[in-house]
Amino acid sequence: MTFAATVLTLYPEMFPGPLGHSLAGRALADGTWSLDCVQIRDFATDKHRSVDDTPAGGGAGMVLRADVLAAAVDHVADGRPILAMTPRGAPLTQARVRALAQGSGVIVLCGRFEGFDERLFEARPAIEQVSVGDIVLSGGEPAALMLLDACIRLLPGVMGAPLSGAEESFEDDLLEYPHYTRPNLWEGRAIPEVLRSGDHAKIAAWRKRMAEDHTRLRRPDLWERHKGARGEPASGARQKKDQAHEPD
Ligand code: SAH
């Protein structure tokens, strides 16, 4: 089954861009996924083909018109999830990406300027607002490329070793353990001895400990979720629970 990606954008020439290369490029060439770019401006109705207007209430920049965007979205809507790229959206997660990659494809709406007229989302509640991080890009196109890249690499046959996805960062709410490769000694630094021991159980235990340590130190938010998913109390809750269970 082909994963069908449709991108609504004012800059269709930005696609496939990086997705035309390497793994994603090969998968596009062999039909694992398809790409259809739709020019939002084609749905403008006035003689200037305008897609934006000044913000109601004043302020800098321009806002994308709800009527033009809705016409573009309605033209391509076919039951696939519709994701609008916006810093005001829900943070994109690996779990959401995995679910999307298991579906028939995705419709991605790219913003520009100050963003979208809010009434678009009220009138088309199927549109999911998604953010790729707490940063502000100049347009939704790089965000769409990120989203599609993350989906495509999970499609069957795209990654060389099918297992390499299962142990990665964010699976199980953990960051991945660190990697090393030859040369064994570089600038006086040796690859950790355990990785050269050939003892697979010891290596697995070391990797698990490293993944946990890195996650706890770098991403306390993920660490709390990881512990929560395993039924362990979050650190705040633990204290209360321990107190509650103290013997009389
Ligand atoms: N004024 C808006 C930012 C607009 S940036 C605000 O403060 O929220 C212009 C466009 O870039 C947005 O419409 C959106 O499509 C895209 N964009 C910017 N940052 C993004 C992010 N973190 N995630 C997803 N899309 C983003």
# chains A, B, ... in the order shown; residues from 1 in each chain; ligands from 1
>>> residues_near_ligand(ligand="ligand 1", cutoff="12 Å", atoms="only C-alpha atoms and all ligand atoms", output="ChimeraX atom specification")
/A:7-11,52,55,59-65,69,83-92,108-118,128-147
>>> select_by_dssp(residues="region 76-244 of chain A", states="alpha helix (DSSP H)", output="PyMOL selection string")
chain A and resi 76+94-101+119-123+141-152+200-218+220-229+235-244
>>> residues_around(residues="Glu193 (chain A)", least_positions_apart="4", cutoff="10 Å", atoms="only C-alpha atoms", output="PDB file with C-alpha atoms, in the first residue's frame")
ATOM      1  CA  ASN A 184      38.520   1.648  19.136  1.00  0.00           C
ATOM      2  CA  SER A 197      33.117  -7.909  25.724  1.00  0.00           C
ATOM      3  CA  GLY A 198      30.833  -9.969  23.458  1.00  0.00           C
ATOM      4  CA  ILE A 203      25.721  -5.186  26.912  1.00  0.00           C
TER       5      ILE A 203
END
>>> closest_residue(among="A:Arg219, A:Lys227, A:Ile191, A:Leu23", to="Pro156 (chain A)", atoms="only C-alpha atoms")
A:Leu23
>>> closest_residue(among="A:Val73, A:Ala205, A:Met210, A:Met14", to="Phe121 (chain A)", atoms="only C-alpha atoms")
A:Val73
>>> residues_around(residues="Arg119 (chain A)", least_positions_apart="6", cutoff="10 Å", atoms="only C-alpha atoms", output="ChimeraX atom specification")
/A:65-67,70,125
>>> write_last_selection(atoms="N, CA, C and O atoms", output="mmCIF file, in the first residue's frame")
data_model
loop_
_atom_site.group_PDB
_atom_site.id
_atom_site.type_symbol
_atom_site.label_atom_id
_atom_site.label_comp_id
_atom_site.auth_asym_id
_atom_site.auth_seq_id
_atom_site.Cartn_x
_atom_site.Cartn_y
_atom_site.Cartn_z
ATOM 1 N N ARG A 65 -6.347 33.451 4.810
ATOM 2 C CA ARG A 65 -7.817 33.526 4.813
ATOM 3 C C ARG A 65 -8.466 32.164 5.006
ATOM 4 O O ARG A 65 -8.086 31.192 4.342
ATOM 5 N N ALA A 66 -9.490 32.125 5.855
ATOM 6 C CA ALA A 66 -10.198 30.872 6.143
ATOM 7 C C ALA A 66 -10.913 30.337 4.904
ATOM 8 O O ALA A 66 -10.924 29.117 4.671
ATOM 9 N N ASP A 67 -11.500 31.247 4.095
ATOM 10 C CA ASP A 67 -12.277 30.755 2.950
ATOM 11 C C ASP A 67 -11.388 30.063 1.917
ATOM 12 O O ASP A 67 -11.721 28.993 1.399
ATOM 13 N N ALA A 70 -10.053 26.712 3.470
ATOM 14 C CA ALA A 70 -11.105 25.683 3.547
ATOM 15 C C ALA A 70 -11.381 25.099 2.166
ATOM 16 O O ALA A 70 -11.565 23.883 2.029
ATOM 17 N N PRO A 125 -13.471 20.896 12.092
ATOM 18 C CA PRO A 125 -12.909 20.322 13.328
ATOM 19 C C PRO A 125 -12.045 19.087 13.085
ATOM 20 O O PRO A 125 -11.304 18.675 13.995
#
>>> atom_distance(atom1="CA of Glu224 (chain A)", atom2="CA of Ala201 (chain A)")
26.2 Å
>>> residues_around(residues="region 93-98 of chain A", least_positions_apart="5", cutoff="7 Å", atoms="only C-alpha atoms", output="list in words")
Ala150, Cys151 and Phe170 of chain A
>>> select_by_dssp(residues="region 40-69 of chain A", states="strand (DSSP E)", output="VMD selection string")
chain A and resid 52 to 53 63 to 64
>>> write_last_selection(atoms="N, CA, C and O atoms", output="compact mmCIF listing (two decimals), in the first residue's frame")
# COMPACT_ATOMS: atom_id res chain seq x y z
N ASP A 52 -4.25 36.02 1.65
CA ASP A 52 -4.07 36.55 3.00
C ASP A 52 -4.64 37.96 3.08
O ASP A 52 -4.95 38.59 2.07
N ASP A 53 -4.76 38.43 4.31
CA ASP A 53 -5.23 39.80 4.53
C ASP A 53 -4.70 40.27 5.88
O ASP A 53 -4.15 39.47 6.64
N VAL A 63 -2.58 37.43 7.65
CA VAL A 63 -3.20 36.19 8.12
C VAL A 63 -3.78 35.45 6.92
O VAL A 63 -4.39 36.06 6.04
N LEU A 64 -3.60 34.14 6.89
CA LEU A 64 -4.15 33.32 5.80
C LEU A 64 -5.67 33.24 5.92
O LEU A 64 -6.19 32.97 7.01
